[in-house]
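Asks: Starting off with a structure, shown below.
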Number of protein chains: 4
Amino acid sequence: MLNIGLLGAGRIGGVHAKAISSHTGSRLVAISDVNTEAASKLAASFGARARTNEDILADASIDAVLIASSTNTHSDLIEAATKAGKAVLCEKPVDLSLARAQACLKAAGATGRPVMIGFNRRFDPNFAAVKAAADRGEIGKRELLSITSFDPAPPPVSYVKVSGGLFRDMMIHDFDMALWIMGAMPDRVTAVGSSIVDPEIGGAGDVDTAVVTLHFADGRLAVIKNSRRAVYGYDQRVELLGSEGLLSAGNVLENTVAKATASGVVSAKPEFFFLERYMRAYSVEWSAFVDAVTAGDAVPVTLADGVNALAVAEAATLSAKSGASVEMSSVLN
Amino acid sequence: MLNIGLLGAGRIGGVHAKAISSHTGSRLVAISDVNTEAASKLAASFGARARTNEDILADASIDAVLIASSTNTHSDLIEAATKAGKAVLCEKPVDLSLARAQACLKAAGATGRPVMIGFNRRFDPNFAAVKAAADRGEIGKRELLSITSFDPAPPPVSYVKVSGGLFRDMMIHDFDMALWIMGAMPDRVTAVGSSIVDPEIGGAGDVDTAVVTLHFADGRLAVIKNSRRAVYGYDQRVELLGSEGLLSAGNVLENTVAKATASGVVSAKPEFFFLERYMRAYSVEWSAFVDAVTAGDAVPVTLADGVNALAVAEAATLSAKSGASVEMSSVLN
Amino acid sequence: MLNIGLLGAGRIGGVHAKAISSHTGSRLVAISDVNTEAASKLAASFGARARTNEDILADASIDAVLIASSTNTHSDLIEAATKAGKAVLCEKPVDLSLARAQACLKAAGATGRPVMIGFNRRFDPNFAAVKAAADRGEIGKRELLSITSFDPAPPPVSYVKVSGGLFRDMMIHDFDMALWIMGAMPDRVTAVGSSIVDPEIGGAGDVDTAVVTLHFADGRLAVIKNSRRAVYGYDQRVELLGSEGLLSAGNVLENTVAKATASGVVSAKPEFFFLERYMRAYSVEWSAFVDAVTAGDAVPVTLADGVNALAVAEAATLSAKSGASVEMSSVLN
Amino acid sequence: MLNIGLLGAGRIGGVHAKAISSHTGSRLVAISDVNTEAASKLAASFGARARTNEDILADASIDAVLIASSTNTHSDLIEAATKAGKAVLCEKPVDLSLARAQACLKAAGATGRPVMIGFNRRFDPNFAAVKAAADRGEIGKRELLSITSFDPAPPPVSYVKVSGGLFRDMMIHDFDMALWIMGAMPDRVTAVGSSIVDPEIGGAGDVDTAVVTLHFADGRLAVIKNSRRAVYGYDQRVELLGSEGLLSAGNVLENTVAKATASGVVSAKPEFFFLERYMRAYSVEWSAFVDAVTAGDAVPVTLADGVNALAVAEAATLSAKSGASVEMSSVLN
């Protein structure tokens with residue numbers, strides 16, 4: 001039984017609190033937040049105590065922490081927690097600065113404590129089935145991966161301004177998905193973006209619609225499409241073309257009902273957003289973390305994976321600005 | 001907060017124990033079973049006490065009981081529990097004997113306590129959406145309902161022998177679905193059945209494959225197909241033809257992945273059986289019971305509904321044997 | 001090259017005229033109709049001559065006739081044409097009277113000339129693929145067949161009155177489909193019908209909505225649903241449950257386009273009616289006839305098949321009226 | 001009635017010969033080919049005469065020519081035919097040289113004769129429905145277009161060498177589709193390609209797998225994926241994200257049959273290649289040409305459209321080589 005401290009009591013913190021509490025191998029004992037009221041309220045509903053970060057990290061009875069605080073605190077908390085001997089599950093992204101993330105990787109790595117990054121989509125049963133089938137060789141050699149990833153509605157511009165931009169904030173999930181499915185880092189990144197959903201997003205220096213192409217050293221390709229707005233819901237699909245076939249994972253729909261009338265056949269929309277679509281993935285993710293930490297096994301998504309995805313996001317940001325491809329080697333040095 | 005006694009610690013009892021425990025408005029306090037070891041084991045994992053039926057019914061601190069024991073105990077337990085002032089959620093069927101079920105309805109009705117029957121499929125979000133759309137008039141007047149309901153594999157013949165037969169044991173779910181969606185009792189039932197899946201089922205005097213047609217007084221029709229074996233999984237579909245369109249609810253698939261290769265496109269099978277397909281429905285069902293009992297509202301599936309479905313099953317059993325249609329009026333008198 | 005006389009210049013005659021003309025192995029040389037103007041007009045657009053039935057049958061240069069005249073002329077024309085040495089493709093049904101059809105079978109059979117009945121749906125590539133897969137044993141033993149067959153809109157009551165009723169006029173296609181796919185005649189027929197689409201159809205003594213269950217001697221079942229009205233289009237589907245799986249053939253949609261918006265996902269309707277859905281089937285049917293006649297092989301749908309389907313329709317008509325199952329042996333004498 | 005000369009008697013010439021002959025408004029009177037035997041053979045089966053190009057162009061009774069000869073002859077034949085007063089339907093691409101195509105546009109334009117380019121996919125009912133729905137504003141403002149376009153198998157390397165490369169030979173169809181659906185020329189083209197399907201294609205200096213992103217002046221984006229090999233068949237899909245929804249056109253499958261067994265659900269593959277998938281489109285395309293020429297209306301796909309698509313292909317070719325985006329303005333000057 002692992003005793004868990006949850007750092008961050010916001011919306012995603014609440015999702016994790018539920019997963020931690022429902023798991024028979026973990027117990028949620030403490031919650032922190034800069035908003036102490038939020039921490040107290042969440043703690044109360046899960047039978048945990050509201051405490052400070054320092055307090056939690058200093059408590060030797062706490063085995064692991066889940067970091068769900070704001071992005072700018074991630075690197076510091078990962079370093080402090082691992083130094084304090086905790087196992088860590090940290091939300092994405094590791095940091096907005098690639099250099100800072102790389103330093104964090106070095107520091108946390110030195111402690112030998114497990115650090116897992118919350119790329120929850122890897123635990124979606126649909127995408128996991130695509131990866132597993134590809135790994136079993138069911139479509140031969142992987143050649144061309146396509147990821148469609150549209151949010152239902154754009155975030156407020158206030159959020160966009162501190163988000164690090166679409167590539168580091170939103171597409172970073174898709175970069176991790178691509179690297180994971182293709183099993184390699186790209187050698188070249190080409191990005192095209194624009195702001196057509198909301199001009200204020202463009203005004204804030206970000207894009208809201210983008211296409212990024214990843215080129216791998218052996219010639220394989222991956223293409224990722226992002227839009228901040230798909231009014232019909234959260235559009236999350238993956239297609240992988242291989243030498244012997246195509247694997248695809250479609251959207252999860254709200255229900256299986258269809259209505260045929262004189263004006264056409266109407267069926268359900270995709271589940272609305274990540275809380276609906278990935279609720280089960282969050283639970284599987286947490287189980288994977290608990291299982292790995294309990295057994296002393298390697299965590300399935302490493303801090304290095306988080307840094308790699310961030311490096312690709314950095315390259316994409318540069319490419320979208322310059323209009324030229326960016327060699328990953330130029331970003332990583 | 002309702003204190004709940006669970007009568008029956010078998011497989012379905014375990015499903016209910018989880019739903020009861022997970023609900024914020026109910027607390028599982030006691031579990032009984034003729035197999036006292038099973039009761040103790042289940043009680044231990046949910047922090048409840050193993051007790052006898054008598055003990056539970058006599059305990060004034062227990063507000064409601066969930067009856068998940070064997071069918072032959074249902075009527076007696078419903079009567080005893082309502083007499084003891086408990087609210088009741090009882091698994092289907094009410095009884096194998098229509099006369100006994102009718103007597104139970106009378107006796108339990110006299111107590112004024114709420115009794116809900118566990119027709120869990122009404123709480124499946126897909127079928128519920130079909131019902132709701134029809135009730136909103138989205139396809140005009142309901143005309144012809146079709147229910148496909150196939151189990152993945154036949155039960156052991158030992159079970160078949162005590163089950164009351166396919167119509168009372170398996171198709172009773174579909175009868176309730178039909179009566180619920182059509183909003184009426186049929187006036188005439190026509191059944192054709194045979195034993196082609198497993199000759200031993202025929203040897204036990206039952207059928208394993210059947211088609212039943214319900215005729216309603218206003219001319220509307222419903223047809224139900226059952227098979228004890230669909231090797232590809234639990235096939236649970238509904239189609240409702242109306243004067244202005246068709247509503248259909250399809251299977252819930254294991255995932256959304258498709259694989260296209262030179263030999264065809266392969267996609268996932270339906271979820272395997274009722275525990276997978278209706279896991280969410282059990283939870284919604286329990287919520288509906290807790291909400292109704294807590295608020296003092298009528299329960300959404302009544303004991304009378306359970307008796308009605310049993311009456312149709314009785315008519316179908318007779319029709320399948322005689323080869324003639326059976327008037328419901330002849331069964332109900 | 002076969003020289004063809006077309007008897008009947010109505011709507012379906014026009015469809016056949018096109019199929020005959022487009023085929024490289026047949027030449028449309030003559031057309032007859034009681035409406036001589038219609039015959040002349042159709043003949044003109046296909047470069048054929050308008051003639052009388054007698055004239056066409058007496059012309060030794062004409063190898064085969066396609067009978068697309070009204071049902072009450074079919075038996076007489078089949079007998080006359082085969083007596084005149086012609087090969088015959090005749091539209092369904094053979095006759096409205098089973099006795100007359102049986103006499104026709106005897107008379108035509110005595111001539112040794114090939115007579116094929118136009119059960120066009122056998123030539124639909126989707127249904128043909130189901131049949132072929134079942135014949136290859138892909139789903140093991142056939143157990144339960146389901147046919148959904150809804151017309152987009154009811155015919156005028158004037159047509160209903162001379163049609164022979166839904167079972168002989170409309171469901172006869174499905175009876176042939178069932179007998180063909182199951183590879184046997186049923187031993188018992190159970191029908192339930194009502195008139196809920198259009199009360200005038202009921203007033204004319206017919207039903208517009210019906211469910212028929214066929215029981216085969218070895219216990220296998222088939223169920224057929226018909227409605228005269230599905231406002232979303234021609235609904236033509238088949239499902240066959242076998243001991244090792246399920247084969248299904250769905251509707252052919254107008255296109256593959258889907259539109260996802262905030263109010264749902266809208267896709268195309270089934271193709272409107274038989275002229276759209278089965279246009280290709282009519283052409284394949286004609287090819288099959290030409291190939292068989294040219295090669296001297298047996299035609300793929302025989303006059304006996306037409307009589308068998310009519311016998312089942314007769315039994316269904318009786319069953320729907322009496323409310324009791326009808327033994328096929330009682331119909332066949 | 002238009003008298004038509006067909007220049008080119010290869011595979012695609014045969015497809016056009018059939019469309020020309022089947023149309024009630026056109027008559028195929030003459031066929032030419034460098035392979036005179038092929039011309040004679042094709043002419044024989046369609047009741048036309050085999051003649052030379054010069055002969056056909058000089059014949060005043062011939063109203064229009066369909067150019068289906070090898071690409072390197074297109075520009076010359078377009079110029080010669082329009083100079084001779086013929087209306088022209090020419091297969092894509094106009095030329096492999098953008099400069100030559102531009103000169104041809106100028107020369108042919110000066111004659112005032114209609115020249116249509118055979119971008120047959122515009123006439124596919126599925127893609128046409130997407131375009132029409134977008135034009136009706138059904139998904140609001142167009143934002144992000146995705147085209148998936150995979151061939152079933154790579155062509156021989158001998159063909160690749162003279163093809164002008166994947167962008168001019170294969171993706172040119174998709175460029176036209178993109179320009180047509182988006183209703184504009186892009187201002188910037190970014191291409192990433194590689195040779196992973198067949199190393200010999202790379203050896204010939206071409207790519208077999210590519211992703212091209214088009215950026216439009218108003219910020220809208222389009223992305224096109226091409227692969228020379230999808231072993232499951234011809235994969236031809238389009239998705240258009242707009243401010244109010246998503247329109248998608250899926251593959252046309254060989255049939256609607258599904259087989260569910262213990263090992264999954266198997267359904268049909270996409271139709272094999274362009275002759276299957278676009279057979280109907282070729283016929284609609286020809287009708288559109290005949291209708292426009294007969295009525296004196298503008299043809300629906302102009303020579304300028306052909307030159308535009310070629311210009312984008314030129315930019316893509318340059319971008320794939322340099323790794324940098326290419327401004328269309330740099331290509332067009």
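Chain labels A, B, ... are given in the sequence in which chains occur in the structure tokens; within each chain residues are numbered consecutively from 1, and ligands are likewise numbered from 1 in the order shown.
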Give me the residues near segment 106-122 of chain C as a PyMOL selection string, where near means some atom within 8 Å (using only C-alpha atoms) and where sequence neighbours in that chain fewer than 3 positions away do not count.
Replies: chain C and resi 78-79+82-83+85-94+102-103+127-128+173+176-177+278+281-282+285+289+293+298-303+305-306
Asks: Can you write out the residues you just picked, keeping C-alpha atoms, as a PDB file, in the first residue's frame?
Replies:
ATOM      1  CA  ILE C  78     -44.663 -18.750 -69.187  1.00  0.00           C
ATOM      2  CA  GLU C  79     -46.649 -21.673 -70.558  1.00  0.00           C
ATOM      3  CA  THR C  82     -41.979 -22.335 -73.221  1.00  0.00           C
ATOM      4  CA  LYS C  83     -44.391 -24.150 -75.531  1.00  0.00           C
ATOM      5  CA  GLY C  85     -39.569 -22.991 -77.406  1.00  0.00           C
ATOM      6  CA  LYS C  86     -38.409 -19.786 -75.805  1.00  0.00           C
ATOM      7  CA  ALA C  87     -36.179 -19.517 -72.773  1.00  0.00           C
ATOM      8  CA  VAL C  88     -37.933 -17.360 -70.174  1.00  0.00           C
ATOM      9  CA  LEU C  89     -37.007 -14.884 -67.483  1.00  0.00           C
ATOM     10  CA  CYS C  90     -40.199 -13.950 -65.625  1.00  0.00           C
ATOM     11  CA  GLU C  91     -40.692 -11.316 -62.947  1.00  0.00           C
ATOM     12  CA  LYS C  92     -41.934 -12.417 -59.520  1.00  0.00           C
ATOM     13  CA  PRO C  93     -44.418 -13.660 -58.401  1.00  0.00           C
ATOM     14  CA  VAL C  94     -45.200 -16.569 -60.673  1.00  0.00           C
ATOM     15  CA  GLN C 102     -48.027 -25.352 -59.592  1.00  0.00           C
ATOM     16  CA  ALA C 103     -49.883 -26.154 -62.809  1.00  0.00           C
ATOM     17  CA  PHE C 127     -26.472 -10.682 -50.189  1.00  0.00           C
ATOM     18  CA  ALA C 128     -24.565 -12.878 -52.629  1.00  0.00           C
ATOM     19  CA  HIS C 173     -38.668 -11.618 -52.155  1.00  0.00           C
ATOM     20  CA  ASP C 176     -36.965 -16.566 -51.593  1.00  0.00           C
ATOM     21  CA  MET C 177     -33.954 -15.014 -49.847  1.00  0.00           C
ATOM     22  CA  TYR C 278     -30.780  -3.108 -57.097  1.00  0.00           C
ATOM     23  CA  ALA C 281     -28.408  -6.600 -59.361  1.00  0.00           C
ATOM     24  CA  TYR C 282     -30.748  -6.382 -62.369  1.00  0.00           C
ATOM     25  CA  GLU C 285     -29.305 -11.124 -63.019  1.00  0.00           C
ATOM     26  CA  PHE C 289     -29.691 -15.658 -67.443  1.00  0.00           C
ATOM     27  CA  VAL C 293     -29.155 -20.043 -71.608  1.00  0.00           C
ATOM     28  CA  ALA C 298     -29.438 -24.664 -65.448  1.00  0.00           C
ATOM     29  CA  VAL C 299     -30.723 -21.185 -64.633  1.00  0.00           C
ATOM     30  CA  PRO C 300     -29.739 -20.004 -61.143  1.00  0.00           C
ATOM     31  CA  VAL C 301     -33.305 -19.278 -59.965  1.00  0.00           C
ATOM     32  CA  THR C 302     -35.832 -21.795 -61.162  1.00  0.00           C
ATOM     33  CA  LEU C 303     -39.564 -21.736 -61.680  1.00  0.00           C
ATOM     34  CA  ASP C 305     -38.029 -21.638 -56.607  1.00  0.00           C
ATOM     35  CA  GLY C 306     -40.764 -19.211 -57.564  1.00  0.00           C
TER      36      GLY C 306
END
Asks: Report as a Markdown table the residues of chain D within 12 Å of chain C, each with its shortest atom pair and distance in Å (one decimal), using only C-alpha atoms, ordered by chain and increasing residue number.
Replies:
| residue | atom | partner | partner_atom | distance |
| --- | --- | --- | --- | --- |
| D:Lys18 | CA | C:Ser22 | CA | 11.4 |
| D:Ser21 | CA | C:Ser22 | CA | 11.2 |
| D:Ser22 | CA | C:Ser22 | CA | 9.1 |
| D:Thr24 | CA | C:Ser45 | CA | 10.6 |
| D:Ser45 | CA | C:Thr24 | CA | 10.7 |
| D:Phe46 | CA | C:Thr24 | CA | 11.6 |
| D:Asp124 | CA | C:Asn255 | CA | 9.7 |
| D:Pro125 | CA | C:Asn255 | CA | 6.8 |
| D:Asn126 | CA | C:Asn255 | CA | 5.5 |
| D:Phe127 | CA | C:Val257 | CA | 8.0 |
| D:Ala128 | CA | C:Val257 | CA | 9.7 |
| D:Ala129 | CA | C:Val257 | CA | 7.1 |
| D:Val130 | CA | C:Val257 | CA | 6.8 |
| D:Lys131 | CA | C:Val257 | CA | 10.6 |
| D:Ala132 | CA | C:Val257 | CA | 11.2 |
| D:Ala133 | CA | C:Lys259 | CA | 8.9 |
| D:Ala134 | CA | C:Lys259 | CA | 10.1 |
| D:Gly137 | CA | C:Lys259 | CA | 11.9 |
| D:Glu138 | CA | C:Lys259 | CA | 8.5 |
| D:Ile139 | CA | C:Thr261 | CA | 7.3 |
| D:Gly140 | CA | C:Thr261 | CA | 10.1 |
| D:Gln236 | CA | C:Thr256 | CA | 11.2 |
| D:Arg237 | CA | C:Thr256 | CA | 9.6 |
| D:Val238 | CA | C:Val257 | CA | 9.3 |
| D:Glu239 | CA | C:Ala258 | CA | 9.4 |
| D:Leu240 | CA | C:Lys259 | CA | 9.5 |
| D:Leu241 | CA | C:Ala260 | CA | 9.3 |
| D:Gly242 | CA | C:Thr261 | CA | 9.5 |
| D:Ser243 | CA | C:Thr261 | CA | 9.5 |
| D:Glu244 | CA | C:Thr261 | CA | 6.2 |
| D:Gly245 | CA | C:Thr261 | CA | 4.3 |
| D:Leu246 | CA | C:Ala260 | CA | 5.0 |
| D:Leu247 | CA | C:Lys259 | CA | 4.5 |
| D:Ser248 | CA | C:Ala258 | CA | 5.3 |
| D:Ala249 | CA | C:Val257 | CA | 4.3 |
| D:Gly250 | CA | C:Thr256 | CA | 5.2 |
| D:Asn251 | CA | C:Thr256 | CA | 6.9 |
| D:Val252 | CA | C:Thr256 | CA | 6.9 |
| D:Leu253 | CA | C:Thr256 | CA | 9.5 |
| D:Glu254 | CA | C:Asn126 | CA | 8.8 |
| D:Asn255 | CA | C:Asn126 | CA | 5.5 |
| D:Thr256 | CA | C:Gly250 | CA | 5.2 |
| D:Val257 | CA | C:Ala249 | CA | 4.3 |
| D:Ala258 | CA | C:Ser248 | CA | 5.3 |
| D:Lys259 | CA | C:Leu247 | CA | 4.5 |
| D:Ala260 | CA | C:Leu246 | CA | 5.0 |
| D:Thr261 | CA | C:Gly245 | CA | 4.3 |
| D:Ala262 | CA | C:Gly245 | CA | 7.0 |
| D:Ser263 | CA | C:Gly245 | CA | 9.5 |
| D:Gly264 | CA | C:Gly245 | CA | 9.6 |
| D:Val265 | CA | C:Leu246 | CA | 9.0 |
| D:Val266 | CA | C:Leu247 | CA | 9.5 |
| D:Ser267 | CA | C:Ser248 | CA | 9.6 |
| D:Ala268 | CA | C:Asn126 | CA | 10.2 |
| D:Pro270 | CA | C:Thr256 | CA | 11.7 |
Asks: Okay, now the selection with C-alpha atoms, as a PDB file, in the first residue's frame?
Replies:
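File part.pdb, as written:
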ATOM      1  CA  LYS D  18     -16.865   3.276 -72.845  1.00  0.00           C
ATOM      2  CA  SER D  21     -20.114   5.458 -76.217  1.00  0.00           C
ATOM      3  CA  SER D  22     -22.608   5.097 -73.400  1.00  0.00           C
ATOM      4  CA  THR D  24     -26.558   9.679 -75.447  1.00  0.00           C
ATOM      5  CA  SER D  45     -15.007  -2.908 -80.288  1.00  0.00           C
ATOM      6  CA  PHE D  46     -16.682   0.497 -80.219  1.00  0.00           C
ATOM      7  CA  ASP D 124     -16.853  11.302 -57.367  1.00  0.00           C
ATOM      8  CA  PRO D 125     -20.257  11.643 -55.667  1.00  0.00           C
ATOM      9  CA  ASN D 126     -18.689  11.539 -52.198  1.00  0.00           C
ATOM     10  CA  PHE D 127     -16.140  14.291 -52.710  1.00  0.00           C
ATOM     11  CA  ALA D 128     -18.669  16.306 -54.673  1.00  0.00           C
ATOM     12  CA  ALA D 129     -21.042  16.086 -51.707  1.00  0.00           C
ATOM     13  CA  VAL D 130     -18.322  17.397 -49.371  1.00  0.00           C
ATOM     14  CA  LYS D 131     -17.637  20.311 -51.683  1.00  0.00           C
ATOM     15  CA  ALA D 132     -21.333  21.087 -52.068  1.00  0.00           C
ATOM     16  CA  ALA D 133     -21.983  20.983 -48.324  1.00  0.00           C
ATOM     17  CA  ALA D 134     -19.034  23.266 -47.650  1.00  0.00           C
ATOM     18  CA  GLY D 137     -21.919  26.837 -45.513  1.00  0.00           C
ATOM     19  CA  GLU D 138     -22.881  23.728 -43.569  1.00  0.00           C
ATOM     20  CA  ILE D 139     -19.679  23.731 -41.517  1.00  0.00           C
ATOM     21  CA  GLY D 140     -19.059  27.460 -41.460  1.00  0.00           C
ATOM     22  CA  GLN D 236      -9.169   7.847 -50.806  1.00  0.00           C
ATOM     23  CA  ARG D 237     -10.538  10.018 -48.057  1.00  0.00           C
ATOM     24  CA  VAL D 238     -11.142  13.691 -47.399  1.00  0.00           C
ATOM     25  CA  GLU D 239     -11.856  15.582 -44.182  1.00  0.00           C
ATOM     26  CA  LEU D 240     -12.641  19.246 -43.906  1.00  0.00           C
ATOM     27  CA  LEU D 241     -12.692  20.964 -40.537  1.00  0.00           C
ATOM     28  CA  GLY D 242     -14.683  24.166 -40.432  1.00  0.00           C
ATOM     29  CA  SER D 243     -15.648  26.648 -37.790  1.00  0.00           C
ATOM     30  CA  GLU D 244     -18.964  24.862 -37.313  1.00  0.00           C
ATOM     31  CA  GLY D 245     -18.134  21.228 -37.950  1.00  0.00           C
ATOM     32  CA  LEU D 246     -16.323  18.543 -39.866  1.00  0.00           C
ATOM     33  CA  LEU D 247     -17.200  17.059 -43.236  1.00  0.00           C
ATOM     34  CA  SER D 248     -15.669  13.743 -44.171  1.00  0.00           C
ATOM     35  CA  ALA D 249     -15.881  11.427 -47.179  1.00  0.00           C
ATOM     36  CA  GLY D 250     -14.793   7.870 -46.534  1.00  0.00           C
ATOM     37  CA  ASN D 251     -13.739   5.022 -48.739  1.00  0.00           C
ATOM     38  CA  VAL D 252     -16.153   3.147 -50.948  1.00  0.00           C
ATOM     39  CA  LEU D 253     -16.077  -0.466 -49.818  1.00  0.00           C
ATOM     40  CA  GLU D 254     -16.383  -3.563 -51.956  1.00  0.00           C
ATOM     41  CA  ASN D 255     -19.570  -4.544 -50.142  1.00  0.00           C
ATOM     42  CA  THR D 256     -21.493  -3.978 -46.918  1.00  0.00           C
ATOM     43  CA  VAL D 257     -20.922  -7.429 -45.476  1.00  0.00           C
ATOM     44  CA  ALA D 258     -19.439  -7.980 -42.019  1.00  0.00           C
ATOM     45  CA  LYS D 259     -18.488 -11.270 -40.438  1.00  0.00           C
ATOM     46  CA  ALA D 260     -18.282 -11.495 -36.661  1.00  0.00           C
ATOM     47  CA  THR D 261     -16.502 -14.514 -35.252  1.00  0.00           C
ATOM     48  CA  ALA D 262     -14.557 -15.360 -32.138  1.00  0.00           C
ATOM     49  CA  SER D 263     -11.525 -13.672 -33.660  1.00  0.00           C
ATOM     50  CA  GLY D 264     -13.099 -10.279 -34.467  1.00  0.00           C
ATOM     51  CA  VAL D 265     -15.349  -8.561 -36.955  1.00  0.00           C
ATOM     52  CA  VAL D 266     -14.185  -8.570 -40.561  1.00  0.00           C
ATOM     53  CA  SER D 267     -15.599  -6.202 -43.136  1.00  0.00           C
ATOM     54  CA  ALA D 268     -14.815  -5.406 -46.752  1.00  0.00           C
ATOM     55  CA  PRO D 270     -11.939  -0.284 -50.060  1.00  0.00           C
TER      56      PRO D 270
END
Asks: Excluding Pro186 of chain D and any residue of its chain fewer than 3 positions from it, enumerate the residues within 9 Å of it, using only C-alpha atoms, and give them as a list in words.
Replies: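 Once the adjacent positions are removed, what remains is Leu179, Val189, Leu214, His215, Phe216, Ala217, Arg220, Leu221, Ala222, Val312, Glu327 and Met328 of chain D.
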Asks: Interatomic distance between atom CA of Val65 of chain B and atom CA of Leu6 of chain B?
Replies: 5.6 Å
Asks: Per DSSP on the backbone, what are the alpha helix (DSSP H) residues of segment 136-233 of chain D, as a VMD selection string?
Replies: chain D and resid 157 to 162 166 to 169 171 to 182 199 to 203
Asks: Would you kindly return, as a PDB file with all heavy atoms, in the first residue's frame, each protein, DNA or RNA residue with an atom no farther than 10 Å from any atom of Ser330 of chain C, considering only C-alpha atoms and excluding same-chain residues fewer than 6 positions away?
Replies:
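Below is the file part-v3.pdb, written as the result:
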ATOM      1  N   ASP C 187     -40.692 -26.091 -42.524  1.00  0.00           N
ATOM      2  CA  ASP C 187     -41.796 -27.028 -42.328  1.00  0.00           C
ATOM      3  C   ASP C 187     -42.981 -26.353 -41.639  1.00  0.00           C
ATOM      4  O   ASP C 187     -44.071 -26.898 -41.617  1.00  0.00           O
ATOM      5  CB  ASP C 187     -41.347 -28.271 -41.542  1.00  0.00           C
ATOM      6  CG  ASP C 187     -40.875 -27.954 -40.139  1.00  0.00           C
ATOM      7  OD1 ASP C 187     -40.725 -26.756 -39.807  1.00  0.00           O
ATOM      8  OD2 ASP C 187     -40.627 -28.898 -39.366  1.00  0.00           O
ATOM      9  N   ARG C 188     -42.738 -25.134 -41.097  1.00  0.00           N
ATOM     10  CA  ARG C 188     -43.807 -24.464 -40.369  1.00  0.00           C
ATOM     11  C   ARG C 188     -43.640 -22.954 -40.478  1.00  0.00           C
ATOM     12  O   ARG C 188     -42.522 -22.453 -40.386  1.00  0.00           O
ATOM     13  CB  ARG C 188     -43.767 -24.890 -38.900  1.00  0.00           C
ATOM     14  CG  ARG C 188     -44.936 -24.457 -38.082  1.00  0.00           C
ATOM     15  CD  ARG C 188     -45.218 -25.412 -36.896  1.00  0.00           C
ATOM     16  NE  ARG C 188     -44.005 -25.927 -36.273  1.00  0.00           N
ATOM     17  CZ  ARG C 188     -43.374 -25.376 -35.226  1.00  0.00           C
ATOM     18  NH1 ARG C 188     -43.858 -24.269 -34.687  1.00  0.00           N
ATOM     19  NH2 ARG C 188     -42.283 -25.918 -34.732  1.00  0.00           N
ATOM     20  N   ALA C 315     -48.825 -19.810 -46.915  1.00  0.00           N
ATOM     21  CA  ALA C 315     -48.870 -20.235 -45.512  1.00  0.00           C
ATOM     22  C   ALA C 315     -48.866 -19.026 -44.578  1.00  0.00           C
ATOM     23  O   ALA C 315     -49.592 -18.985 -43.584  1.00  0.00           O
ATOM     24  CB  ALA C 315     -47.682 -21.145 -45.205  1.00  0.00           C
TER      25      ALA C 315
END
Asks: For Met1 of chain A, work out the shell of residues within 8 Å, counting only C-alpha atoms and skipping chain neighbours fewer than 5 positions away, then give it as a short mmCIF file (atom, residue, chain, number, x, y, z; two decimals) with all heavy atoms, in the first residue's frame.
Replies:
data_model
loop_
_atom_site.label_atom_id
_atom_site.label_comp_id
_atom_site.auth_asym_id
_atom_site.auth_seq_id
_atom_site.Cartn_x
_atom_site.Cartn_y
_atom_site.Cartn_z
N THR A 24 -6.76 -0.05 -5.00
CA THR A 24 -6.57 -0.81 -3.76
C THR A 24 -5.12 -0.79 -3.29
O THR A 24 -4.83 -1.12 -2.14
CB THR A 24 -6.97 -2.29 -3.97
OG1 THR A 24 -6.25 -2.79 -5.10
CG2 THR A 24 -8.46 -2.40 -4.22
N GLY A 25 -4.20 -0.33 -4.13
CA GLY A 25 -2.79 -0.32 -3.74
C GLY A 25 -2.27 1.05 -3.31
O GLY A 25 -1.06 1.20 -3.05
N SER A 26 -3.15 2.05 -3.27
CA SER A 26 -2.67 3.38 -2.89
C SER A 26 -3.69 4.06 -1.98
O SER A 26 -4.89 3.78 -2.04
CB SER A 26 -2.44 4.25 -4.14
OG SER A 26 -3.63 4.41 -4.89
N ARG A 27 -3.17 4.94 -1.13
CA ARG A 27 -4.02 5.66 -0.18
C ARG A 27 -3.67 7.14 -0.29
O ARG A 27 -2.50 7.52 -0.20
CB ARG A 27 -3.76 5.15 1.23
CG ARG A 27 -4.67 5.75 2.31
CD ARG A 27 -4.25 5.29 3.71
NE ARG A 27 -4.30 3.85 3.87
CZ ARG A 27 -3.26 3.10 4.30
NH1 ARG A 27 -2.11 3.65 4.62
NH2 ARG A 27 -3.39 1.79 4.43
#
